[in-house]
Amino acid sequence: MEIGTGLFTCQRRPDDDRPTGDLYDEMLTLGEAIDDAGLASAWVSEHHFMEDGYLSAPMPALGALAAATDDVEIGTCIALAPLYDPVRLAEDAATVDLLSGGRTTLGLAIGSNPGEFEGFGVPVDERAERLADAVSVLRGAWSEGALDYDAEFSDADPDVTVTPKPEGDLPVMLGGAAKPAVRRAARTADAWCAPSALSVEGVRKRKEDIERVREEEGLDGDFTVYVLQHGFVGDSKADAWERMRDGYLYLQRRYEEIFSGESVDELSDERVEELKEQAIYGTPDDVIDGLERYRDALGDDVHFILRTYHPGIGTDEMVECVNRLGDEVVPHFE
């Protein structure tokens, strides 16, 4: 089992008076710490038009992380594919991959917030088709020679040769929990990412479905299952929860607003307890036990993204957590 972390969102909580540049500097500081700690990966996320400045430009952020790191895999988890011109996305991702020395994974999803689609002038009912079209454009753009694909949602000439090309394979990861999304990933991508809302059993069932689809359709090649869950490493269960709580619950409240399109002033006590139950936090042994539940269900061949970045909880606290994750948790799974 490989273990990475993130997801960098660069949000500013109402009680955080730092300028935006400092939030981006925090991301790079944490990226360096992740690399130094020997973790497998570091990830950025994407949303638009958010009052708290949620990271809206993941490709430049990955370019900066590429320069700040040497070995760690970097990627988007998740970029909102329907909001991009797919040829430009292919160029940007290939550029980041070259800057990183082939360490980039491009994670994509269809998106859900109507306000984002409205802001970009993209019909929300086209989002699944736009994602599928984007994946086909990416494959064509990164192959040798011309694009050789007549894109439905791009005016690019199929005879144009898109540059730069990645030096090797640039993996495409797709997100989503619904059966069509999971099977789309199985058929067209190199990886699937399980959202944090899924139970261990829910991830296991979808992983089995992916394996069945790929076997039935004769799809060869490597395929990676990534698993997302929030967590934190501290001196005790109480200490870890105290450190992550405010940032974690703030982030979850904002996600509920993003996904629903409606204001959420406060999470219910029931919802807080549910989120607390989902998270993997505590001493290194507590975190190992939580990760072992996934390994028992899914096997060793998964990539776990433990989300230890929670807005506004303190750079030093998150660096310490990353270091303990690398020093005291990762060795157990090697």
# chains A, B, ... in the order shown; residues from 1 in each chain; ligands from 1
>>> select_by_dssp(residues="range 134-278 of chain A", states="helix (DSSP H, G or I)", output="ChimeraX atom specification")
/A:134-142,179-188,200-216,237-260,269-278
>>> residues_around(residues="range 52-65 of chain A", least_positions_apart="6", cutoff="7 Å", atoms="only C-alpha atoms", output="number ranges by chain")
A: 9-13, 28, 31, 44-46, 74-76, 92-93, 96, 99
>>> write_last_selection(atoms="N, CA, C and O atoms", output="PDB file, in the first residue's frame")
ATOM      1  N   THR A   9      -6.025  22.837  -0.993  1.00  0.00           N
ATOM      2  CA  THR A   9      -7.137  23.654  -1.461  1.00  0.00           C
ATOM      3  C   THR A   9      -6.875  25.146  -1.301  1.00  0.00           C
ATOM      4  O   THR A   9      -7.559  25.961  -1.915  1.00  0.00           O
ATOM      5  N   CYS A  10      -5.905  25.510  -0.445  1.00  0.00           N
ATOM      6  CA  CYS A  10      -5.489  26.903  -0.245  1.00  0.00           C
ATOM      7  C   CYS A  10      -6.649  27.818   0.135  1.00  0.00           C
ATOM      8  O   CYS A  10      -6.696  28.988  -0.256  1.00  0.00           O
ATOM      9  N   GLN A  11      -7.575  27.294   0.909  1.00  0.00           N
ATOM     10  CA  GLN A  11      -8.707  28.098   1.362  1.00  0.00           C
ATOM     11  C   GLN A  11      -8.323  28.956   2.562  1.00  0.00           C
ATOM     12  O   GLN A  11      -7.483  28.577   3.365  1.00  0.00           O
ATOM     13  N   ARG A  12      -8.990  30.092   2.670  1.00  0.00           N
ATOM     14  CA  ARG A  12      -8.810  30.961   3.830  1.00  0.00           C
ATOM     15  C   ARG A  12     -10.084  30.944   4.656  1.00  0.00           C
ATOM     16  O   ARG A  12     -11.131  31.423   4.224  1.00  0.00           O
ATOM     17  N   ARG A  13      -9.978  30.395   5.859  1.00  0.00           N
ATOM     18  CA  ARG A  13     -11.113  30.425   6.779  1.00  0.00           C
ATOM     19  C   ARG A  13     -11.373  31.846   7.253  1.00  0.00           C
ATOM     20  O   ARG A  13     -10.473  32.706   7.220  1.00  0.00           O
ATOM     21  N   LEU A  28       3.506  24.928  -0.751  1.00  0.00           N
ATOM     22  CA  LEU A  28       4.842  24.533  -1.192  1.00  0.00           C
ATOM     23  C   LEU A  28       5.682  24.026  -0.031  1.00  0.00           C
ATOM     24  O   LEU A  28       6.455  23.067  -0.189  1.00  0.00           O
ATOM     25  N   GLY A  31       4.478  20.623   0.496  1.00  0.00           N
ATOM     26  CA  GLY A  31       4.949  19.765  -0.586  1.00  0.00           C
ATOM     27  C   GLY A  31       6.383  19.311  -0.356  1.00  0.00           C
ATOM     28  O   GLY A  31       6.713  18.126  -0.540  1.00  0.00           O
ATOM     29  N   VAL A  44      -3.429  18.276  -5.350  1.00  0.00           N
ATOM     30  CA  VAL A  44      -4.167  19.532  -5.291  1.00  0.00           C
ATOM     31  C   VAL A  44      -5.608  19.271  -5.722  1.00  0.00           C
ATOM     32  O   VAL A  44      -5.907  18.289  -6.401  1.00  0.00           O
ATOM     33  N   SER A  45      -6.492  20.164  -5.321  1.00  0.00           N
ATOM     34  CA  SER A  45      -7.906  20.064  -5.650  1.00  0.00           C
ATOM     35  C   SER A  45      -8.323  21.315  -6.416  1.00  0.00           C
ATOM     36  O   SER A  45      -7.535  22.261  -6.547  1.00  0.00           O
ATOM     37  N   GLU A  46      -9.565  21.347  -6.914  1.00  0.00           N
ATOM     38  CA  GLU A  46     -10.026  22.480  -7.732  1.00  0.00           C
ATOM     39  C   GLU A  46     -11.496  22.785  -7.506  1.00  0.00           C
ATOM     40  O   GLU A  46     -12.343  21.887  -7.536  1.00  0.00           O
ATOM     41  N   ILE A  74       2.872  13.842  -8.048  1.00  0.00           N
ATOM     42  CA  ILE A  74       1.989  14.988  -7.870  1.00  0.00           C
ATOM     43  C   ILE A  74       0.801  14.841  -8.808  1.00  0.00           C
ATOM     44  O   ILE A  74       0.913  14.255  -9.889  1.00  0.00           O
ATOM     45  N   GLY A  75      -0.348  15.363  -8.369  1.00  0.00           N
ATOM     46  CA  GLY A  75      -1.501  15.206  -9.230  1.00  0.00           C
ATOM     47  C   GLY A  75      -2.689  16.030  -8.806  1.00  0.00           C
ATOM     48  O   GLY A  75      -2.702  16.654  -7.738  1.00  0.00           O
ATOM     49  N   THR A  76      -3.690  16.028  -9.670  1.00  0.00           N
ATOM     50  CA  THR A  76      -4.958  16.703  -9.396  1.00  0.00           C
ATOM     51  C   THR A  76      -5.950  15.691  -8.859  1.00  0.00           C
ATOM     52  O   THR A  76      -6.123  14.615  -9.410  1.00  0.00           O
ATOM     53  N   ASP A  92      -1.109  21.722 -20.948  1.00  0.00           N
ATOM     54  CA  ASP A  92      -0.711  22.097 -19.587  1.00  0.00           C
ATOM     55  C   ASP A  92      -0.248  20.882 -18.790  1.00  0.00           C
ATOM     56  O   ASP A  92       0.768  20.936 -18.081  1.00  0.00           O
ATOM     57  N   ALA A  93      -0.998  19.783 -18.875  1.00  0.00           N
ATOM     58  CA  ALA A  93      -0.636  18.588 -18.109  1.00  0.00           C
ATOM     59  C   ALA A  93       0.690  18.007 -18.597  1.00  0.00           C
ATOM     60  O   ALA A  93       1.519  17.568 -17.788  1.00  0.00           O
ATOM     61  N   VAL A  96       3.509  20.148 -17.182  1.00  0.00           N
ATOM     62  CA  VAL A  96       3.772  19.825 -15.775  1.00  0.00           C
ATOM     63  C   VAL A  96       4.493  18.493 -15.663  1.00  0.00           C
ATOM     64  O   VAL A  96       5.427  18.340 -14.853  1.00  0.00           O
ATOM     65  N   LEU A  99       8.085  19.060 -16.478  1.00  0.00           N
ATOM     66  CA  LEU A  99       8.742  19.791 -15.399  1.00  0.00           C
ATOM     67  C   LEU A  99       9.019  18.889 -14.196  1.00  0.00           C
ATOM     68  O   LEU A  99      10.018  19.064 -13.488  1.00  0.00           O
TER      69      LEU A  99
END
>>> residues_around(residues="range 231-238 of chain A", least_positions_apart="2", cutoff="12 Å", atoms="only C-alpha atoms", output="MDAnalysis selection string")
chainID A and resid 4:7 196 228:229 240:245 247:249 275:288 290:291 304:310 313 317:330
>>> residues_around(residues="range 155-161 of chain A", least_positions_apart="3", cutoff="7 Å", atoms="only C-alpha atoms", output="PyMOL selection string")
chain A and resi 145-150
>>> write_last_selection(atoms="N, CA and C atoms", output="PDB file, in the first residue's frame")
ATOM      1  N   GLY A 145       2.452  11.956 -33.261  1.00  0.00           N
ATOM      2  CA  GLY A 145       1.808  12.482 -34.451  1.00  0.00           C
ATOM      3  C   GLY A 145       0.617  13.366 -34.140  1.00  0.00           C
ATOM      4  N   ALA A 146      -0.317  13.377 -35.084  1.00  0.00           N
ATOM      5  CA  ALA A 146      -1.450  14.294 -35.006  1.00  0.00           C
ATOM      6  C   ALA A 146      -2.470  13.840 -33.962  1.00  0.00           C
ATOM      7  N   LEU A 147      -3.353  14.776 -33.612  1.00  0.00           N
ATOM      8  CA  LEU A 147      -4.421  14.497 -32.646  1.00  0.00           C
ATOM      9  C   LEU A 147      -5.262  13.307 -33.097  1.00  0.00           C
ATOM     10  N   ASP A 148      -5.655  13.293 -34.376  1.00  0.00           N
ATOM     11  CA  ASP A 148      -6.379  12.166 -34.971  1.00  0.00           C
ATOM     12  C   ASP A 148      -7.659  11.840 -34.214  1.00  0.00           C
ATOM     13  N   TYR A 149      -8.348  12.889 -33.784  1.00  0.00           N
ATOM     14  CA  TYR A 149      -9.623  12.694 -33.096  1.00  0.00           C
ATOM     15  C   TYR A 149     -10.485  13.926 -33.333  1.00  0.00           C
ATOM     16  N   ASP A 150     -11.694  13.703 -33.756  1.00  0.00           N
ATOM     17  CA  ASP A 150     -12.629  14.793 -34.032  1.00  0.00           C
ATOM     18  C   ASP A 150     -13.438  15.057 -32.769  1.00  0.00           C
TER      19      ASP A 150
END
>>> select_by_dssp(residues="range 146-244 of chain A", states="strand (DSSP E or B)", output="list in words")
Val172, Met173, Leu174, Gly175, Ala191, Trp192, Cys193, Ala194, Thr224, Val225, Tyr226, Val227, Leu228, Gln229, His230, Gly231, Phe232 and Val233 of chain A
>>> atom_distance(atom1="CA of Ile110 in chain A", atom2="CA of Val264 in chain A")
22.8 Å
>>> residues_around(residues="Glu266 in chain A", least_positions_apart="4", cutoff="10 Å", atoms="only C-alpha atoms", output="list in words")
Leu249, Tyr250, Arg253, Arg254, Arg271 and Val272 of chain A
>>> atom_distance(atom1="CA of Pro331 in chain A", atom2="CA of Gly102 in chain A")
24.7 Å
>>> residues_around(residues="His303 in chain A", least_positions_apart="3", cutoff="7 Å", atoms="only C-alpha atoms", output="number ranges by chain")
A: 1-3, 225-227
>>> atom_distance(atom1="CA of Asp125 in chain A", atom2="CA of Asn113 in chain A")
11.6 Å
>>> residues_around(residues="Leu98 in chain A", least_positions_apart="5", cutoff="10 Å", atoms="only C-alpha atoms", output="count of residues only")
12
